[in-house]
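Undergrad: For reference, this is entry32.cif, and it has mmCIF, C-alpha atoms.
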```
data_input
loop_
_atom_site.label_atom_id
_atom_site.label_comp_id
_atom_site.auth_asym_id
_atom_site.auth_seq_id
_atom_site.Cartn_x
_atom_site.Cartn_y
_atom_site.Cartn_z
CA GLY K 28 -40.00 -139.47 67.38
CA ASN K 29 -41.67 -137.26 64.79
CA THR K 30 -40.42 -134.15 63.01
CA ASP K 31 -42.98 -132.05 64.90
CA GLY K 32 -41.25 -132.88 68.21
CA THR K 33 -43.73 -135.49 69.45
CA LEU K 34 -42.83 -138.95 70.72
CA GLN K 35 -45.36 -141.60 69.79
CA LEU K 36 -45.90 -145.22 70.76
CA GLN K 37 -47.72 -147.17 68.05
CA VAL K 38 -49.41 -150.56 67.79
CA ASN K 39 -49.45 -152.64 64.62
CA GLY K 40 -46.66 -150.43 63.38
CA THR K 41 -48.85 -147.47 62.38
CA THR K 42 -51.69 -146.88 64.90
CA PRO K 43 -50.91 -144.30 67.61
CA SER K 44 -51.43 -145.54 71.18
CA VAL K 45 -49.71 -142.98 73.41
CA THR K 46 -48.43 -139.60 72.23
CA LEU K 47 -46.09 -137.33 74.16
CA ALA K 48 -46.32 -133.82 72.71
CA ALA K 49 -43.41 -131.40 72.54
CA ASN K 50 -44.90 -129.37 75.43
CA GLY K 51 -45.08 -132.46 77.66
CA SER K 52 -48.81 -133.14 77.38
CA ILE K 53 -49.93 -136.75 76.99
CA GLY K 54 -52.38 -137.94 74.36
CA VAL K 55 -54.06 -141.35 74.31
CA GLY K 56 -55.78 -143.27 71.53
CA SER K 57 -55.45 -143.53 67.78
CA THR K 58 -56.59 -139.91 67.46
CA PRO K 59 -54.69 -138.53 70.45
CA SER K 60 -56.92 -137.06 73.15
CA TYR K 61 -55.18 -134.79 75.64
CA GLY K 62 -58.13 -134.23 77.97
CA THR K 63 -58.74 -130.95 79.75
CA SER K 64 -57.19 -129.34 82.81
CA GLY K 65 -57.93 -131.29 86.00
CA GLN K 66 -58.99 -134.54 84.32
CA LEU K 67 -57.53 -137.91 85.29
CA LEU K 68 -56.52 -140.82 83.06
CA THR K 69 -58.84 -143.75 83.81
CA SER K 70 -58.26 -147.35 82.82
CA ALA K 71 -60.90 -149.09 80.71
CA GLY K 72 -59.52 -152.53 81.45
CA THR K 73 -57.71 -154.89 79.08
CA GLY K 74 -60.10 -154.46 76.15
CA SER K 75 -59.97 -150.69 75.50
CA ALA K 76 -57.71 -147.68 75.67
CA PRO K 77 -57.78 -145.49 78.80
CA THR K 78 -59.77 -142.27 78.70
CA TRP K 79 -59.65 -138.87 80.34
CA THR K 80 -62.38 -138.42 82.96
CA THR K 81 -63.56 -135.60 85.20
CA VAL K 82 -63.64 -136.57 88.87
CA SER K 83 -66.33 -134.83 90.89
CA SER K 84 -65.33 -133.15 94.13
CA GLY K 85 -66.14 -134.91 97.38
CA LEU K 86 -67.69 -131.71 98.76
CA SER K 87 -69.82 -129.08 97.07
CA LEU K 88 -71.05 -125.98 98.87
CA VAL K 89 -74.83 -125.59 98.97
CA SER K 90 -74.67 -122.14 100.57
CA THR K 91 -73.44 -120.17 103.58
CA GLN K 92 -76.05 -118.36 105.66
CA SER K 93 -75.79 -115.71 108.34
CA GLY K 94 -77.51 -116.30 111.66
CA SER K 95 -77.76 -112.64 112.58
CA GLY K 96 -81.26 -111.61 113.66
CA SER K 97 -83.02 -114.90 112.94
CA SER K 98 -84.12 -117.88 115.02
CA ALA K 99 -83.42 -120.40 112.26
CA VAL K 100 -80.92 -120.97 109.49
CA THR K 101 -82.63 -123.25 106.97
CA TRP K 102 -81.76 -124.98 103.70
CA SER K 103 -84.82 -126.18 101.78
CA GLY K 104 -85.40 -128.04 98.55
CA LEU K 105 -82.26 -130.19 98.90
CA SER K 106 -81.86 -133.07 96.46
CA GLY K 107 -79.28 -135.33 94.87
CA SER K 108 -77.72 -136.54 98.12
CA THR K 109 -78.49 -138.00 101.53
CA ASN K 110 -75.06 -137.06 102.87
CA TYR K 111 -74.31 -133.54 104.16
CA LEU K 112 -71.72 -131.70 106.23
CA LEU K 113 -72.89 -128.73 108.31
CA VAL K 114 -70.11 -126.34 109.39
CA LEU K 115 -70.79 -123.81 112.16
CA SER K 116 -68.72 -120.61 112.35
CA GLY K 117 -69.35 -118.65 115.53
CA LEU K 118 -73.12 -119.12 115.50
CA ALA K 119 -74.36 -117.65 118.78
CA ASP K 120 -77.68 -117.45 120.61
CA THR K 121 -78.80 -114.12 122.10
CA THR K 122 -79.18 -115.60 125.61
CA THR K 123 -77.51 -118.12 127.90
CA ASN K 124 -80.49 -120.48 127.55
CA ARG K 125 -78.46 -122.50 125.09
CA ASP K 126 -81.00 -124.69 123.36
CA THR K 127 -79.48 -124.48 119.89
CA ARG K 128 -80.43 -127.58 117.92
CA ILE K 129 -80.08 -129.24 114.52
CA ARG K 130 -83.23 -130.41 112.76
CA VAL K 131 -84.08 -131.97 109.39
CA GLY K 132 -87.21 -132.10 107.29
CA THR K 133 -88.90 -133.73 104.33
CA GLY K 134 -90.99 -132.08 101.65
CA GLY K 135 -90.54 -128.64 103.18
CA THR K 136 -91.75 -129.65 106.65
CA ILE K 137 -89.24 -129.63 109.51
CA ILE K 138 -89.39 -132.63 111.86
CA THR K 139 -89.88 -131.21 115.37
CA SER K 140 -90.05 -134.34 117.55
CA GLY K 141 -88.57 -137.79 117.98
CA TYR K 142 -84.88 -136.87 118.04
CA VAL K 143 -82.59 -138.97 120.23
CA TYR K 144 -79.17 -137.57 121.09
CA SER K 145 -76.18 -138.15 123.33
CA GLY K 146 -73.27 -135.81 123.92
CA GLN K 147 -70.11 -135.34 125.93
CA ILE K 148 -68.84 -131.95 127.09
CA TYR K 149 -65.16 -131.35 127.85
CA GLY K 150 -64.54 -128.17 129.84
CA ALA K 151 -62.91 -126.52 132.80
CA GLY K 152 -64.93 -128.62 135.24
CA GLY K 153 -64.06 -131.93 133.59
CA PRO K 154 -66.10 -134.11 131.23
CA ALA K 155 -69.88 -134.24 131.54
CA ALA K 156 -72.40 -136.32 129.62
CA TYR K 157 -75.77 -135.14 128.44
CA GLY K 158 -78.52 -136.55 126.25
CA GLY K 159 -82.19 -137.18 125.83
CA THR K 160 -85.05 -136.97 123.37
CA GLY K 161 -86.83 -133.96 122.00
CA ALA K 162 -87.35 -131.43 119.24
CA GLY K 163 -83.86 -131.57 117.74
CA LEU K 164 -80.23 -132.53 118.14
CA ILE K 165 -79.23 -130.34 121.12
CA LEU K 166 -75.69 -129.01 120.72
CA SER K 167 -74.93 -128.24 124.37
CA LEU K 168 -76.22 -128.03 127.93
CA ASP K 169 -77.97 -125.03 129.45
CA GLY K 170 -75.92 -122.89 131.81
CA ALA K 171 -74.39 -119.54 132.58
CA TYR K 172 -72.22 -119.10 129.48
CA LEU K 173 -73.24 -117.70 126.12
CA ARG K 174 -71.93 -120.17 123.56
CA TYR K 175 -70.44 -119.42 120.15
CA PHE K 176 -70.56 -122.65 118.19
CA TYR K 177 -67.69 -123.64 115.92
CA GLY K 178 -67.45 -127.12 114.46
CA PHE K 179 -69.21 -129.59 112.22
CA ILE K 180 -72.13 -132.00 112.13
CA HIS K 181 -72.24 -134.87 109.64
CA ILE K 182 -75.84 -135.58 108.60
CA THR K 183 -76.46 -138.80 106.70
CA GLN K 184 -79.39 -141.01 105.73
CA PRO K 185 -78.13 -144.47 104.73
CA PRO K 186 -79.93 -146.18 101.80
CA ASN K 187 -82.94 -148.28 102.83
CA TYR K 188 -82.57 -147.07 106.42
CA SER K 189 -85.53 -145.35 108.07
CA ALA K 190 -83.60 -142.76 110.08
CA VAL K 191 -81.30 -139.79 109.73
CA ASN K 192 -78.03 -140.02 111.68
CA PHE K 193 -76.01 -137.14 113.18
CA ASN K 194 -72.35 -137.18 114.26
CA GLY K 195 -70.11 -134.24 115.01
CA ALA K 196 -68.03 -132.09 117.27
CA THR K 197 -68.28 -128.44 118.25
CA ASN K 198 -66.23 -126.02 120.26
CA ASP K 199 -68.04 -123.50 122.42
CA ASN K 200 -65.80 -120.45 122.39
CA THR K 201 -66.42 -119.39 126.00
CA SER K 202 -64.38 -118.58 129.07
CA ALA K 203 -64.98 -122.16 130.21
CA SER K 204 -63.41 -123.53 126.99
CA PHE K 205 -66.06 -126.13 126.26
CA GLY K 206 -65.78 -128.74 123.53
CA ASN K 207 -68.59 -131.12 122.62
CA THR K 208 -68.98 -134.41 120.81
CA ILE K 209 -72.51 -135.31 119.77
CA THR K 210 -74.37 -138.18 118.11
CA GLY K 211 -78.05 -138.72 117.46
CA ALA K 212 -80.81 -139.81 115.13
CA VAL K 213 -84.39 -139.12 114.14
CA PRO K 214 -86.68 -141.71 112.51
CA THR K 215 -87.99 -141.00 109.01
CA SER K 216 -88.34 -143.15 105.91
CA ALA K 217 -88.72 -140.15 103.58
CA ILE K 218 -85.63 -138.67 101.95
CA ILE K 219 -84.53 -135.48 103.71
CA SER K 220 -84.90 -132.26 101.74
CA ASP K 221 -84.46 -129.70 104.52
CA ILE K 222 -81.77 -129.01 107.15
CA GLN K 223 -82.07 -126.38 109.87
CA VAL K 224 -80.10 -124.88 112.76
CA TYR K 225 -82.68 -123.54 115.21
CA SER K 226 -82.75 -121.61 118.47
CA PRO K 227 -85.81 -120.64 120.54
CA ASN K 228 -84.09 -117.24 120.69
CA ASN K 229 -82.62 -115.31 117.80
CA PHE K 230 -79.01 -115.81 116.78
CA ASN K 231 -77.12 -112.55 117.11
CA PHE K 232 -74.15 -113.30 114.85
CA GLY K 233 -72.16 -116.05 113.21
CA SER K 234 -72.89 -118.21 110.19
CA ALA K 235 -73.37 -121.79 109.03
CA ALA K 236 -72.38 -123.45 105.77
CA LEU K 237 -73.91 -126.58 104.30
CA TYR K 238 -71.96 -128.90 102.01
CA LYS K 239 -73.29 -131.76 99.93
CA MET K 240 -71.03 -134.79 100.19
CA ALA K 241 -70.44 -137.38 97.48
CA VAL K 242 -72.01 -140.71 98.47
#
```
Now, as a test, write the supplied structure out as structure tokens.
TA:
Amino acid sequence: GNTDGTLQLQVNGTTPSVTLAANGSIGVGSTPSYGTSGQLLTSAGTGSAPTWTTVSSGLSLVSTQSGSGSSAVTWSGLSGSTNYLLVLSGLADTTTNRDTRIRVGTGGTIITSGYVYSGQIYGAGGPAAYGGTGAGLILSLDGAYLRYFYGFIHITQPPNYSAVNFNGATNDNTSASFGNTITGAVPTSAIISDIQVYSPNNFNFGSAALYKMAV
């Protein structure tokens, strides 16, 4: 212990290794480093002292967009990741022709063909499968109910893999209490830079948020 209230572990009799300050903070190294709020102590192996490091969050919000009055909610100019999470919050089409779809793009151009998808609907009438190919990842079947989509879609493009994969689940907040699971893919060897939620009709309310995920 020292007269200033610190407790110090030393090597070679004089060189500080670990310092416990009077306020409880921990310093490491010969010139004690206490790091900053939120940092973690990371081992440097057997040859060096540990250091304080900042750990990046697994999710970072790109932006949240309203769907009111538009036929598409689009994020363009994306970079730094091929791994995204799309979260839907009550996004609703203006009609019951529910053809809401997820699409991606490269270089500012949305890919509008070649999507393959397969889904399962769980509702009042029991489970029902749907799927096909077309102009996007279709989130639900057509029918008599206006759907309000809540849920998530994971969009990822594995390294050295010439396709974008989609996996997710949504809940259609309707009187029929529908829930969907959905998977799909679209071929492209270019890195995606654009993600879009699209409807042939305008959305009348709701929003969607896009998060960049750590690879």
Undergrad: Name the closest residue to K:Ala190 among the candidates K:Asn228, K:Ser93, K:Thr109, K:Thr208; distances are taken between atoms, counting all atoms listed in the file.
TA: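 Closest to K:Ala190 of all the choices is K:Thr109.
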Undergrad: Can you tell me how far atom CA of K:Tyr157 sits from atom CA of K:Val213, in Å to one decimal?
TA: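 These two atoms are separated by 17.2 Å.
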Undergrad: Check what the PyMOL selection byres ((chain K and resi 86) around 8) selects in the file above and give those residues as JSON, numbers by chain.
TA: {"K": [84, 85, 87, 88, 238, 239, 240, 241]}
Undergrad: Centre and edge lengths of an axis-aligned box around all listed atoms of stretch 97-105 of chain K, with 5 Å added on each side, are to be given in Å to one decimal, as lines of an AutoDock Vina configuration file.
TA:
```
center_x = -83.2
center_y = -122.5
center_z = 106.8
size_x = 14.5
size_y = 25.3
size_z = 26.5
```
Undergrad: Ranking K:Gly94, K:Pro154, K:Gly206, K:Gly161 by minimum distance to K:Val224 and counting only C-alpha atoms, which one comes first?
TA: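 The shortest atom-to-atom distance to K:Val224 comes from K:Gly94.
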Undergrad: Report as a PyMOL selection string all protein, DNA and RNA residues lying within 7 Å of stretch 176-180 of chain K, evaluated on all atoms listed in the file, omitting residues in the same chain fewer than 4 positions from it.
TA: chain K and resi 112-119+193-200
Undergrad: Do you have the atom CA of K:Asp221-atom CA of K:Gly135 distance handy?
TA: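 Value for the atom CA of K:Asp221-atom CA of K:Gly135 distance: 6.3 Å.
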Undergrad: Counting all atoms listed in the file, which of K:Ser220, K:Ser97, K:Asn50, K:Thr210 gets nearest to K:Tyr144?
TA: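 Result for the nearest residue to K:Tyr144: K:Thr210.
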Undergrad: One decimal, Å: what's the distance from atom CA of K:Ala49 over to atom CA of K:Pro77, could you say?
TA: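 Distance reported for this atom pair: 21.1 Å.
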Undergrad: If you apply the PyMOL selection byres ((chain K and resi 184) around 12) to this file, what residues do you get, as a VMD selection string?
TA: chain K and resid 108 to 111 131 to 132 181 to 183 185 to 194 212 to 220 240 242
Undergrad: Output the residue selection produced by the PyMOL selection byres ((chain K and resi 35) around 12) on the file above, formatted as a PyMOL selection string.
TA: chain K and resi 28-34+36-38+40-49+52-59
Undergrad: Show me, as a list of chain:residue names, the residues that have an atom within 8 Å of K:Ala162 when counting only C-alpha atoms, minus same-chain residues fewer than 3 positions from it.
TA: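 In the requested form, the answer reads K:Arg130, K:Ile138, K:Thr139, K:Ser140, K:Gly141, K:Tyr142.
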Undergrad: Restricting the calculation to only C-alpha atoms: of K:Gly150, K:Gly158, K:Gly104, K:Gly96, which residue gets closest to K:Gln223?
TA: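 The closest residue to K:Gln223 is K:Gly104.
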Undergrad: List every protein, DNA or RNA residue with an atom no more than 7 Å from (-71.9, -135.8, 123.0) in the file's coordinates, counting only C-alpha atoms, and format the result as number ranges by chain.
TA: K: 145-148, 156-157, 207-210
Undergrad: I need the residue nearest K:Trp102 from this list: K:Ile222, K:Ala76, K:Asp126, K:Leu164. Use all atoms listed in the file for the distance.
TA: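 Going through K:Ile222, K:Ala76, K:Asp126, K:Leu164 one by one, the smallest distance to K:Trp102 is for K:Ile222.
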